[in-house]
>>> print(open('start_13.txt').read())   # compact mmCIF, C-alpha atoms (C1' of nucleotides)
# COMPACT_ATOMS: atom_id res chain seq x y z
CA MET A 1 -17.75 33.17 7.80
CA SER A 2 -18.18 30.07 9.93
CA LYS A 3 -15.22 27.74 10.19
CA ILE A 4 -14.61 24.60 8.23
CA GLY A 5 -13.48 21.70 10.42
CA ALA A 6 -11.46 18.64 9.56
CA LEU A 7 -14.30 16.87 7.77
CA GLY A 8 -14.85 19.87 5.54
CA TYR A 9 -11.18 19.95 4.58
CA ALA A 10 -11.26 16.22 3.99
CA LEU A 11 -14.04 16.76 1.45
CA LEU A 12 -12.11 19.56 -0.22
CA CYS A 13 -9.14 17.18 -0.44
CA VAL A 14 -11.22 14.49 -2.08
CA LEU A 15 -12.47 17.03 -4.61
CA HIS A 16 -9.02 18.46 -5.40
CA LYS A 17 -8.55 16.32 -8.53
CA GLY A 18 -11.95 17.07 -10.05
CA PRO A 19 -15.74 17.11 -9.59
CA LEU A 20 -17.51 14.20 -7.92
CA THR A 21 -21.01 13.37 -6.71
CA GLY A 22 -21.64 12.78 -3.01
CA TYR A 23 -21.93 9.11 -3.73
CA GLU A 24 -18.54 9.01 -5.43
CA ILE A 25 -17.00 10.88 -2.50
CA LEU A 26 -18.46 8.25 -0.23
CA GLN A 27 -16.70 5.55 -2.20
CA ARG A 28 -13.37 7.39 -2.00
CA MET A 29 -13.93 7.54 1.74
CA ARG A 30 -13.86 3.75 1.68
CA LYS A 31 -11.18 2.98 -0.83
CA PRO A 32 -8.28 5.32 -1.40
CA VAL A 33 -8.92 8.07 1.14
CA GLY A 34 -10.53 5.79 3.72
CA TYR A 35 -7.12 4.47 4.78
CA TYR A 36 -6.43 7.76 6.57
CA TRP A 37 -9.79 9.51 6.75
CA THR A 38 -13.31 8.15 6.93
CA ALA A 39 -16.78 9.54 7.24
CA PRO A 40 -20.14 7.82 6.98
CA GLN A 41 -22.72 8.84 4.40
CA SER A 42 -24.84 10.63 6.98
CA GLN A 43 -22.00 13.03 7.68
CA ILE A 44 -21.06 13.70 4.07
CA TYR A 45 -24.30 15.11 2.66
CA PRO A 46 -24.83 17.75 5.39
CA ALA A 47 -21.14 18.68 5.19
CA LEU A 48 -21.39 19.20 1.42
CA ALA A 49 -24.39 21.46 2.01
CA ARG A 50 -22.38 23.50 4.52
CA LEU A 51 -19.44 23.87 2.16
CA THR A 52 -21.82 24.98 -0.59
CA GLU A 53 -23.33 27.58 1.75
CA GLN A 54 -19.83 28.82 2.51
CA GLY A 55 -19.08 29.16 -1.20
CA LEU A 56 -16.19 26.69 -1.15
CA ILE A 57 -17.84 24.25 -3.53
CA ASP A 58 -20.71 24.43 -6.00
CA HIS A 59 -22.54 21.87 -8.11
CA ASP A 60 -24.49 21.03 -11.25
CA GLU A 61 -27.80 19.24 -10.89
CA GLU A 62 -29.16 16.57 -13.19
CA PRO A 63 -32.23 14.38 -12.71
CA GLY A 64 -31.01 11.46 -10.62
CA PRO A 65 -32.02 7.81 -10.37
CA GLY A 66 -33.91 8.31 -7.12
CA PRO A 67 -36.38 10.95 -6.00
CA ARG A 68 -33.70 13.65 -5.65
CA PRO A 69 -31.45 15.28 -8.23
CA ARG A 70 -27.91 14.03 -8.70
CA LYS A 71 -25.37 16.73 -7.81
CA THR A 72 -21.84 16.95 -9.13
CA HIS A 73 -19.72 18.99 -6.74
CA ARG A 74 -16.60 20.95 -7.63
CA LEU A 75 -14.20 23.26 -5.81
CA THR A 76 -14.76 26.98 -6.33
CA PRO A 77 -11.70 29.26 -6.51
CA ALA A 78 -12.39 30.17 -2.87
CA GLY A 79 -12.48 26.48 -2.00
CA ARG A 80 -9.19 25.83 -3.77
CA ASP A 81 -7.60 28.73 -1.90
CA ALA A 82 -8.93 27.52 1.44
CA LEU A 83 -7.58 24.05 0.70
CA SER A 84 -4.11 25.14 -0.34
CA ALA A 85 -3.81 27.45 2.67
CA TRP A 86 -4.80 24.65 5.02
CA LEU A 87 -2.47 22.06 3.47
CA THR A 88 0.70 23.90 4.44
CA GLN A 89 -0.38 24.70 7.99
CA PRO A 90 1.04 22.43 10.70
CA ALA A 91 -1.28 19.54 11.49
CA GLU A 92 -2.34 19.43 15.08
CA PRO A 93 -1.29 16.07 16.54
CA PRO A 94 -4.41 13.92 16.59
CA ALA A 95 -5.85 12.56 19.82
CA PRO A 96 -4.62 8.99 19.65
CA ARG A 97 -7.15 6.26 20.20
CA ASP A 98 -5.71 2.82 19.55
CA GLU A 99 -7.55 -0.05 21.16
CA THR A 100 -4.84 -2.60 20.44
CA ILE A 101 -2.13 -0.63 22.22
CA LEU A 102 -4.49 0.10 25.09
CA LYS A 103 -5.09 -3.62 25.48
CA THR A 104 -1.36 -4.23 25.45
CA TYR A 105 -0.89 -1.78 28.29
CA ALA A 106 -3.33 -3.73 30.48
CA GLN A 107 -2.35 -7.10 29.07
CA LEU A 108 -1.41 -8.51 32.48
CA ALA A 109 -5.08 -8.47 33.52
CA ALA A 110 -5.90 -11.14 30.94
CA ASP A 111 -4.95 -14.74 30.34
CA PRO A 112 -1.73 -15.10 28.25
CA GLY A 113 -3.31 -17.68 25.95
CA GLY A 114 -6.20 -15.34 25.20
CA MET A 115 -3.84 -12.48 24.51
CA SER A 116 -1.77 -14.64 22.20
CA THR A 117 -4.89 -15.47 20.18
CA PHE A 118 -5.74 -11.79 20.15
CA TYR A 119 -2.37 -10.82 18.67
CA GLN A 120 -2.58 -13.63 16.13
CA GLY A 121 -5.90 -12.23 14.97
CA GLU A 122 -4.32 -8.81 14.68
CA ILE A 123 -1.54 -10.27 12.56
CA VAL A 124 -4.04 -11.76 10.12
CA ARG A 125 -5.90 -8.48 9.84
CA LEU A 126 -2.73 -6.44 9.37
CA ARG A 127 -1.32 -8.84 6.78
CA ASN A 128 -4.52 -8.57 4.74
CA GLN A 129 -4.35 -4.82 4.96
CA LEU A 130 -0.73 -4.85 3.86
CA ALA A 131 -1.52 -7.08 0.87
CA ASP A 132 -4.25 -4.65 -0.13
CA TYR A 133 -1.95 -1.64 0.14
CA GLN A 134 0.81 -3.38 -1.77
CA ALA A 135 -1.52 -4.40 -4.59
CA GLN A 136 -2.72 -0.85 -4.99
CA ARG A 137 0.76 0.57 -4.80
CA ASP A 138 2.06 -1.94 -7.35
CA ALA A 139 -0.74 -0.90 -9.68
CA LEU A 140 0.58 2.67 -9.57
CA ILE A 141 4.22 1.79 -10.18
CA GLY A 142 5.19 2.39 -13.78
CA THR A 143 2.34 4.83 -14.42
CA GLY A 144 4.45 7.87 -13.55
CA ALA A 145 2.85 8.19 -10.12
CA GLU A 146 6.32 8.01 -8.57
CA GLU A 147 7.02 11.50 -9.90
CA PRO A 148 5.88 14.20 -7.46
CA ASP A 149 4.11 16.24 -10.13
CA HIS A 150 1.92 13.34 -11.23
CA PRO A 151 -1.74 13.60 -10.13
CA ALA A 152 -1.52 10.17 -8.47
CA PHE A 153 1.64 10.96 -6.51
CA GLY A 154 -0.39 11.81 -3.41
CA ALA A 155 -2.07 8.40 -3.46
CA TYR A 156 1.29 6.74 -4.15
CA ALA A 157 2.91 8.50 -1.20
CA THR A 158 0.17 7.55 1.25
CA LEU A 159 0.30 3.91 0.14
CA THR A 160 4.07 3.97 0.55
CA LEU A 161 3.68 4.92 4.20
CA GLY A 162 1.20 2.10 4.72
CA CYS A 163 3.53 -0.43 3.09
CA ARG A 164 6.39 0.64 5.34
CA SER A 165 4.61 1.01 8.66
CA LEU A 166 2.42 -2.08 8.60
CA PRO A 167 5.36 -4.53 8.68
CA VAL A 168 6.65 -2.82 11.83
CA ARG A 169 3.32 -3.35 13.50
CA ILE A 170 3.10 -6.96 12.32
CA GLU A 171 6.56 -7.71 13.73
CA TRP A 172 5.54 -6.10 17.00
CA CYS A 173 2.50 -8.39 17.23
CA GLU A 174 4.67 -11.40 16.41
CA TRP A 175 7.06 -10.40 19.16
CA LEU A 176 4.14 -10.18 21.57
CA VAL A 177 2.88 -13.64 20.59
CA ALA A 178 6.34 -14.95 21.46
CA GLN A 179 6.33 -13.04 24.75
CA MET A 180 2.91 -14.38 25.73
CA ALA A 181 4.35 -17.90 25.51
CA HIS A 182 6.75 -16.97 28.32
CA ARG A 183 4.04 -15.68 30.61
CA ARG A 184 2.86 -17.83 33.46
CA PRO A 185 -0.87 -18.62 33.25
CA ARG A 186 -2.54 -16.08 35.59
CA PRO A 187 -1.26 -15.98 39.18
CA ASP A 188 -4.32 -14.80 41.17
CA MET S 1 -26.86 -3.82 32.20
CA SER S 2 -25.96 -0.89 29.95
CA LYS S 3 -22.86 -1.24 27.83
CA ILE S 4 -19.41 0.09 28.55
CA GLY S 5 -17.83 1.76 25.54
CA ALA S 6 -14.19 2.28 24.69
CA LEU S 7 -13.68 5.10 27.17
CA GLY S 8 -15.03 2.96 29.99
CA TYR S 9 -12.63 0.15 29.12
CA ALA S 10 -9.80 2.65 28.86
CA LEU S 11 -10.50 3.68 32.45
CA LEU S 12 -10.62 0.06 33.58
CA CYS S 13 -7.24 -0.41 31.87
CA VAL S 14 -5.75 2.55 33.69
CA LEU S 15 -7.01 1.15 36.98
CA HIS S 16 -5.75 -2.40 36.38
CA LYS S 17 -2.55 -1.88 38.37
CA GLY S 18 -4.19 -0.33 41.41
CA PRO S 19 -6.51 2.36 42.80
CA LEU S 20 -6.24 5.95 41.57
CA THR S 21 -8.13 9.21 41.98
CA GLY S 22 -9.80 10.80 38.96
CA TYR S 23 -7.09 13.39 38.92
CA GLU S 24 -4.36 10.75 38.79
CA ILE S 25 -6.18 8.99 35.97
CA LEU S 26 -6.22 12.28 34.13
CA GLN S 27 -2.45 12.51 34.42
CA ARG S 28 -2.01 8.95 33.11
CA MET S 29 -4.17 10.01 30.18
CA ARG S 30 -1.46 12.54 29.40
CA LYS S 31 1.70 10.67 30.17
CA PRO S 32 1.91 6.93 29.76
CA VAL S 33 -1.53 6.02 28.48
CA GLY S 34 -2.02 9.25 26.53
CA TYR S 35 0.24 7.99 23.76
CA TYR S 36 -2.50 5.63 22.60
CA TRP S 37 -5.63 6.80 24.39
CA THR S 38 -6.68 10.23 25.59
CA ALA S 39 -9.69 11.76 27.23
CA PRO S 40 -10.20 15.20 28.66
CA GLN S 41 -11.14 15.80 32.28
CA SER S 42 -14.74 16.54 31.43
CA GLN S 43 -15.18 13.04 30.03
CA ILE S 44 -13.44 11.21 32.84
CA TYR S 45 -15.54 12.21 35.83
CA PRO S 46 -18.93 11.32 34.31
CA ALA S 47 -17.46 8.08 32.95
CA LEU S 48 -16.20 7.12 36.41
CA ALA S 49 -19.67 7.79 37.78
CA ARG S 50 -21.18 5.50 35.13
CA LEU S 51 -18.71 2.70 35.87
CA THR S 52 -19.51 3.04 39.57
CA GLU S 53 -23.22 2.78 38.83
CA GLN S 54 -22.54 -0.35 36.82
CA GLY S 55 -20.63 -1.87 39.72
CA LEU S 56 -17.35 -2.18 37.80
CA ILE S 57 -15.44 0.16 40.09
CA ASP S 58 -15.97 1.53 43.59
CA HIS S 59 -14.20 4.12 45.72
CA ASP S 60 -13.21 5.42 49.14
CA GLU S 61 -13.93 9.03 50.00
CA GLU S 62 -11.74 11.36 52.03
CA PRO S 63 -12.15 15.09 52.58
CA GLY S 64 -10.44 16.71 49.60
CA PRO S 65 -8.61 19.97 49.07
CA GLY S 66 -11.52 21.59 47.24
CA PRO S 67 -15.23 21.71 47.98
CA ARG S 68 -15.77 18.06 47.01
CA PRO S 69 -14.45 14.86 48.56
CA ARG S 70 -11.44 13.14 47.04
CA LYS S 71 -12.33 9.71 45.68
CA THR S 72 -9.94 6.82 45.21
CA HIS S 73 -11.32 4.42 42.61
CA ARG S 74 -10.55 0.72 42.33
CA LEU S 75 -11.72 -2.17 40.16
CA THR S 76 -14.36 -4.42 41.66
CA PRO S 77 -14.18 -8.17 40.88
CA ALA S 78 -16.90 -7.56 38.27
CA GLY S 79 -14.77 -4.80 36.76
CA ARG S 80 -11.71 -7.01 36.62
CA ASP S 81 -13.74 -9.74 34.90
CA ALA S 82 -15.19 -7.29 32.38
CA LEU S 83 -11.70 -5.99 31.65
CA SER S 84 -10.08 -9.37 31.16
CA ALA S 85 -12.94 -10.55 28.94
CA TRP S 86 -12.64 -7.44 26.78
CA LEU S 87 -8.85 -7.62 26.46
CA THR S 88 -8.86 -10.87 24.54
CA GLN S 89 -11.66 -9.93 22.19
CA PRO S 90 -10.60 -8.79 18.70
CA ALA S 91 -10.22 -5.03 18.49
CA GLU S 92 -12.41 -3.46 15.89
CA PRO S 93 -10.21 -1.58 13.41
CA PRO S 94 -10.44 2.08 14.38
CA ALA S 95 -11.78 4.71 12.00
CA PRO S 96 -8.53 6.25 10.82
CA ARG S 97 -8.27 10.03 10.95
CA ASP S 98 -4.79 11.25 10.12
CA GLU S 99 -4.54 14.85 8.99
CA THR S 100 -0.95 14.55 7.81
CA ILE S 101 -1.68 11.70 5.42
CA LEU S 102 -4.82 13.44 4.22
CA LYS S 103 -2.73 16.49 3.39
CA THR S 104 -0.27 14.32 1.54
CA TYR S 105 -3.06 12.91 -0.61
CA ALA S 106 -4.05 16.42 -1.78
CA GLN S 107 -0.49 17.74 -1.71
CA LEU S 108 -0.61 18.79 -5.38
CA ALA S 109 -3.11 21.54 -4.54
CA ALA S 110 -0.48 23.40 -2.49
CA ASP S 111 2.80 25.07 -3.16
CA PRO S 112 5.78 22.63 -2.97
CA GLY S 113 7.80 25.01 -0.81
CA GLY S 114 4.96 25.25 1.69
CA MET S 115 4.57 21.49 1.76
CA SER S 116 8.28 21.05 2.31
CA THR S 117 8.11 23.35 5.34
CA PHE S 118 5.09 21.42 6.53
CA TYR S 119 6.95 18.09 6.42
CA GLN S 120 9.97 19.63 8.11
CA GLY S 121 7.72 20.72 10.95
CA GLU S 122 6.34 17.21 11.20
CA ILE S 123 9.88 15.84 11.39
CA VAL S 124 10.69 18.09 14.35
CA ARG S 125 7.52 17.08 16.14
CA LEU S 126 8.06 13.37 15.49
CA ARG S 127 11.71 13.49 16.55
CA ASN S 128 10.74 15.09 19.86
CA GLN S 129 8.12 12.45 20.38
CA LEU S 130 10.62 9.72 19.61
CA ALA S 131 13.14 11.17 22.07
CA ASP S 132 10.44 11.19 24.73
CA TYR S 133 9.47 7.57 24.05
CA GLN S 134 13.09 6.45 24.02
CA ALA S 135 13.85 8.18 27.30
CA GLN S 136 10.91 6.49 28.97
CA ARG S 137 11.72 3.14 27.48
CA ASP S 138 15.37 3.41 28.52
CA ALA S 139 14.23 4.16 32.06
CA LEU S 140 12.41 0.81 32.11
CA ILE S 141 15.29 -1.24 30.74
CA GLY S 142 17.07 -3.07 33.50
CA THR S 143 14.13 -2.92 35.89
CA GLY S 144 12.77 -6.29 34.80
CA ALA S 145 10.06 -4.68 32.66
CA GLU S 146 11.34 -6.63 29.66
CA GLU S 147 9.92 -9.79 31.22
CA PRO S 148 6.28 -10.33 30.24
CA ASP S 149 5.16 -11.06 33.79
CA HIS S 150 6.51 -7.78 35.15
CA PRO S 151 3.81 -5.19 35.98
CA ALA S 152 5.52 -2.63 33.71
CA PHE S 153 5.78 -4.96 30.72
CA GLY S 154 2.63 -3.47 29.19
CA ALA S 155 4.12 0.02 29.31
CA TYR S 156 7.42 -1.32 27.97
CA ALA S 157 5.70 -3.04 25.05
CA THR S 158 3.71 0.04 24.04
CA LEU S 159 6.84 2.20 24.17
CA THR S 160 8.65 -0.37 22.06
CA LEU S 161 6.06 0.01 19.33
CA GLY S 162 6.44 3.79 19.43
CA CYS S 163 10.22 3.57 19.20
CA ARG S 164 9.99 1.32 16.17
CA SER S 165 7.20 3.00 14.23
CA LEU S 166 8.18 6.64 14.64
CA PRO S 167 11.45 6.28 12.68
CA VAL S 168 9.49 4.89 9.74
CA ARG S 169 7.26 7.90 9.76
CA ILE S 170 10.20 10.29 10.12
CA GLU S 171 11.94 8.70 7.11
CA TRP S 172 8.74 9.00 5.13
CA CYS S 173 8.58 12.73 5.88
CA GLU S 174 12.24 13.11 4.94
CA TRP S 175 11.54 11.35 1.65
CA LEU S 176 8.67 13.75 1.01
CA VAL S 177 10.86 16.78 1.73
CA ALA S 178 13.25 15.46 -0.94
CA GLN S 179 10.36 14.85 -3.36
CA MET S 180 8.98 18.37 -2.87
CA ALA S 181 12.33 19.73 -4.08
CA HIS S 182 11.65 18.03 -7.43
CA ARG S 183 8.21 19.54 -7.86
CA ARG S 184 7.69 22.49 -10.14
CA PRO S 185 6.39 25.59 -8.35
CA ARG S 186 2.61 25.88 -8.87
CA PRO S 187 1.40 26.90 -12.31
CA ASP S 188 -1.54 29.27 -11.58
C1' DT R 1 -1.10 38.83 44.81
C1' DT R 2 -0.54 36.17 41.18
C1' DG R 3 -0.16 31.76 39.63
C1' DC R 4 0.46 26.64 40.15
C1' DT R 5 -0.99 22.04 41.89
C1' DC R 6 -4.51 19.22 43.74
C1' DA R 7 -9.32 17.81 43.12
C1' DT R 8 -14.02 17.54 41.50
C1' DG R 9 -17.70 18.52 38.80
C1' DT R 10 -21.32 20.80 34.92
C1' DA R 11 -22.93 22.91 30.37
C1' DA R 12 -23.14 23.79 25.60
C1' DG R 13 -22.05 22.55 21.33
C1' DA R 14 -19.50 19.99 17.59
C1' DA R 15 -18.51 15.68 15.57
C1' DG R 16 -19.38 10.96 14.75
C1' DT R 17 -22.42 6.56 14.60
C1' DT R 18 -26.39 3.74 13.54
C1' DA R 19 -30.55 3.39 11.56
C1' DC R 20 -34.36 4.87 8.69
C1' DA R 21 -36.40 6.38 4.17
C1' DT R 22 -37.12 6.85 -1.04
C1' DG R 23 -36.92 5.01 -5.69
C1' DA R 24 -35.08 3.83 -10.48
C1' DT R 25 -32.16 0.40 -12.94
C1' DT R 26 -29.57 -3.73 -13.60
C1' DC R 27 -28.36 -8.51 -12.92
C1' DA R 28 -28.94 -13.33 -11.40
C1' DT Z 1 -38.52 -12.10 -7.27
C1' DG Z 2 -34.92 -10.56 -4.86
C1' DA Z 3 -30.61 -8.33 -4.27
C1' DA Z 4 -27.16 -4.97 -5.55
C1' DT Z 5 -25.90 -0.43 -7.37
C1' DC Z 6 -26.75 4.37 -7.88
C1' DA Z 7 -28.12 8.49 -5.42
C1' DT Z 8 -29.79 11.58 -1.89
C1' DG Z 9 -31.28 12.86 2.39
C1' DT Z 10 -33.09 12.88 7.81
C1' DA Z 11 -33.47 11.42 12.89
C1' DA Z 12 -31.90 9.85 17.17
C1' DC Z 13 -28.27 8.99 19.75
C1' DT Z 14 -23.48 8.72 21.65
C1' DT Z 15 -19.06 10.63 22.13
C1' DC Z 16 -15.74 14.29 22.24
C1' DT Z 17 -14.24 19.10 22.82
C1' DT Z 18 -14.06 23.59 24.93
C1' DA Z 19 -15.17 26.31 28.44
C1' DC Z 20 -16.94 27.43 32.97
C1' DA Z 21 -17.00 26.90 38.13
C1' DT Z 22 -15.30 26.05 43.04
C1' DG Z 23 -11.73 26.23 46.56
C1' DA Z 24 -7.76 24.89 49.65
C1' DG Z 25 -2.54 25.04 50.08
C1' DC Z 26 1.87 26.59 48.58
C1' DA Z 27 5.62 29.13 46.33
C1' DA Z 28 7.75 33.26 43.95
>>> encode(input="start_13.txt", output="structure tokens")
Amino acid sequence: MSKIGALGYALLCVLHKGPLTGYEILQRMRKPVGYYWTAPQSQIYPALARLTEQGLIDHDEEPGPGPRPRKTHRLTPAGRDALSAWLTQPAEPPAPRDETILKTYAQLAADPGGMSTFYQGEIVRLRNQLADYQAQRDALIGTGAEEPDHPAFGAYATLTLGCRSLPVRIEWCEWLVAQMAHRRPRPD
Amino acid sequence: MSKIGALGYALLCVLHKGPLTGYEILQRMRKPVGYYWTAPQSQIYPALARLTEQGLIDHDEEPGPGPRPRKTHRLTPAGRDALSAWLTQPAEPPAPRDETILKTYAQLAADPGGMSTFYQGEIVRLRNQLADYQAQRDALIGTGAEEPDHPAFGAYATLTLGCRSLPVRIEWCEWLVAQMAHRRPRPD
DNA sequence: TTGCTCATGTAAGAAGTTACATGATTCA
DNA sequence: TGAATCATGTAACTTCTTACATGAGCAA
């Protein structure tokens, strides 16, 4: 059997709570799951076809709104087994690719005023993200999602990480704004 | 002129402090820069060739140890301009791909004991990473790198972020280990 | 003589991005 | 009438990963 790949497992994860259409998966890849895993539409449909071929998911078909049938995908027992086996295996540390930190490393090659504006923009973006995370987390509090056996506990836990790590990053940007004020304007 | 791409800018960043050979760049992509940007060897050499074609870097050649000449690359004025212009532009939020958080989302589909072991493994890995960051950051303290005009300030600032954000993540994993102890073992 | 470091490159394939394409229904 | 939502797919392209390939000098 051919191997699955991170995207395949991501789709199995999204399906772990129940059947969804490709379109619904796509939406989850924006809203709750998209905070830690994303994939564009063009990747999702071929990947679903591969997983179906591998017997890890299957689907019902109904006549859809467009020219093609609407498919509702669900995990097969084999898919559920593959998922649960993968979940407990150590995650390989991801290749980090963070443009903001990269820019910070080379920050001396740019004008301090420009960098300050850059970090201020980051702060705005991060604060908006934090507000979004907090709103969603607040909506879960009191629903039982804080209990680890609750179906929404996974979502609650991921939002908790976001709500704790974003402030650290915001403070770091604020510190850098302050530091930029102490830099001399470009000595060439 | 063709466009540059994130990898190209990453290479310009690595070269901002002075000339390096491809091999040296490769090492930076493991050690100081690799914490927030990585690229394998097979990507670096073609990318350097592209940047050279675009006139953003150039190089000296000396006879090398192997069959090919050893090249020492440096930023051209055009390269330095391209870099400094890019640095101050807002960074597009990166497509997040974090296996650990993804696993947490679907955590209910696995055995709590297995997940607990998983998070304990993460804790070990993160603690080692933190120790590494702290050692490198400590080595910079007292050298003047804390001043924003110092050539090592960029490295100092990136390490500072690592030293502040890793503990948050470690605590989160510890919290999850505790939560897993409260989960009922899988009803199959 | 086996393996490591220095030093550069290529090839094949997987994964990810951007854009195109269809077509019904609903809402302003 | 025009845009958004639902719903599925393909094509072309770029980027990233894994593996191969060469070869000198040095150390155990």
>>> interface_residues(input="start_13.txt", of="chain A", to="chain S", cutoff="6 Å", atoms="only C-alpha atoms", output="MDAnalysis selection string")
chainID A and resid 13 36:37 84 87:88 90 96:98 103:106 109:110 114:115 118 148:149 154:155 183
>>> atom_distance(input="start_13.txt", atom1="atom CA of S:Leu56", atom2="atom C1' of R:DT18")
26.6 Å
>>> axis_aligned_box(input="start_13.txt", around="stretch 96-113 of chain A", padding_each_side="6 Å", output="AutoDock Vina command-line options")
--center_x -4.2 --center_y -4.3 --center_z 26.5 --size_x 18.7 --size_y 38.7 --size_z 26.0
>>> atom_distance(input="start_13.txt", atom1="atom CA of A:Leu130", atom2="atom CA of A:Val177")
19.2 Å
>>> residues_near_point(input="start_13.txt", point="(4.8, 11.6, 28.8)", cutoff="10 Å", atoms="all atoms listed in the file", output="PDB file with C-alpha atoms, in the frame of the given file")
ATOM      1  CA  GLN S  27      -2.450  12.510  34.420  1.00  0.00           C
ATOM      2  CA  ARG S  28      -2.010   8.950  33.110  1.00  0.00           C
ATOM      3  CA  MET S  29      -4.170  10.010  30.180  1.00  0.00           C
ATOM      4  CA  ARG S  30      -1.460  12.540  29.400  1.00  0.00           C
ATOM      5  CA  LYS S  31       1.700  10.670  30.170  1.00  0.00           C
ATOM      6  CA  PRO S  32       1.910   6.930  29.760  1.00  0.00           C
ATOM      7  CA  VAL S  33      -1.530   6.020  28.480  1.00  0.00           C
ATOM      8  CA  GLY S  34      -2.020   9.250  26.530  1.00  0.00           C
ATOM      9  CA  TYR S  35       0.240   7.990  23.760  1.00  0.00           C
ATOM     10  CA  GLN S 129       8.120  12.450  20.380  1.00  0.00           C
ATOM     11  CA  ASP S 132      10.440  11.190  24.730  1.00  0.00           C
ATOM     12  CA  TYR S 133       9.470   7.570  24.050  1.00  0.00           C
ATOM     13  CA  ALA S 135      13.850   8.180  27.300  1.00  0.00           C
ATOM     14  CA  GLN S 136      10.910   6.490  28.970  1.00  0.00           C
TER      15      GLN S 136
END
>>> closest_atom_pairs(input="start_13.txt", of="chain R", to="stretch 3-21 of chain Z", cutoff="9 Å", atoms="only C-alpha atoms (C1' of nucleotides)", output="JSON lines")
{"residue": "R:DG9", "atom": "C1'", "partner": "Z:DA21", "partner_atom": "C1'", "distance": 8.4}
{"residue": "R:DT10", "atom": "C1'", "partner": "Z:DA21", "partner_atom": "C1'", "distance": 8.1}
{"residue": "R:DA11", "atom": "C1'", "partner": "Z:DC20", "partner_atom": "C1'", "distance": 7.9}
{"residue": "R:DA12", "atom": "C1'", "partner": "Z:DA19", "partner_atom": "C1'", "distance": 8.8}
{"residue": "R:DG13", "atom": "C1'", "partner": "Z:DT17", "partner_atom": "C1'", "distance": 8.7}
{"residue": "R:DA14", "atom": "C1'", "partner": "Z:DT17", "partner_atom": "C1'", "distance": 7.5}
{"residue": "R:DA15", "atom": "C1'", "partner": "Z:DC16", "partner_atom": "C1'", "distance": 7.4}
{"residue": "R:DG16", "atom": "C1'", "partner": "Z:DT15", "partner_atom": "C1'", "distance": 7.4}
{"residue": "R:DT17", "atom": "C1'", "partner": "Z:DT14", "partner_atom": "C1'", "distance": 7.4}
{"residue": "R:DT18", "atom": "C1'", "partner": "Z:DC13", "partner_atom": "C1'", "distance": 8.3}
{"residue": "R:DA19", "atom": "C1'", "partner": "Z:DA11", "partner_atom": "C1'", "distance": 8.6}
{"residue": "R:DC20", "atom": "C1'", "partner": "Z:DA11", "partner_atom": "C1'", "distance": 7.8}
{"residue": "R:DA21", "atom": "C1'", "partner": "Z:DT10", "partner_atom": "C1'", "distance": 8.2}
{"residue": "R:DT22", "atom": "C1'", "partner": "Z:DT8", "partner_atom": "C1'", "distance": 8.8}
{"residue": "R:DA24", "atom": "C1'", "partner": "Z:DC6", "partner_atom": "C1'", "distance": 8.7}
{"residue": "R:DT25", "atom": "C1'", "partner": "Z:DC6", "partner_atom": "C1'", "distance": 8.4}
{"residue": "R:DT26", "atom": "C1'", "partner": "Z:DT5", "partner_atom": "C1'", "distance": 7.9}
{"residue": "R:DC27", "atom": "C1'", "partner": "Z:DA4", "partner_atom": "C1'", "distance": 8.3}
{"residue": "R:DA28", "atom": "C1'", "partner": "Z:DA3", "partner_atom": "C1'", "distance": 8.9}
>>> closest_atom_pairs(input="start_13.txt", of="chain R", to="chain S", cutoff="8 Å", atoms="only C-alpha atoms (C1' of nucleotides)", output="tab-separated table")
residue	atom	partner	partner_atom	distance
R:DC6	C1'	S:Pro65	CA	6.8
R:DA7	C1'	S:Gly66	CA	6.0
R:DT8	C1'	S:Arg68	CA	5.8
R:DG9	C1'	S:Tyr45	CA	7.3
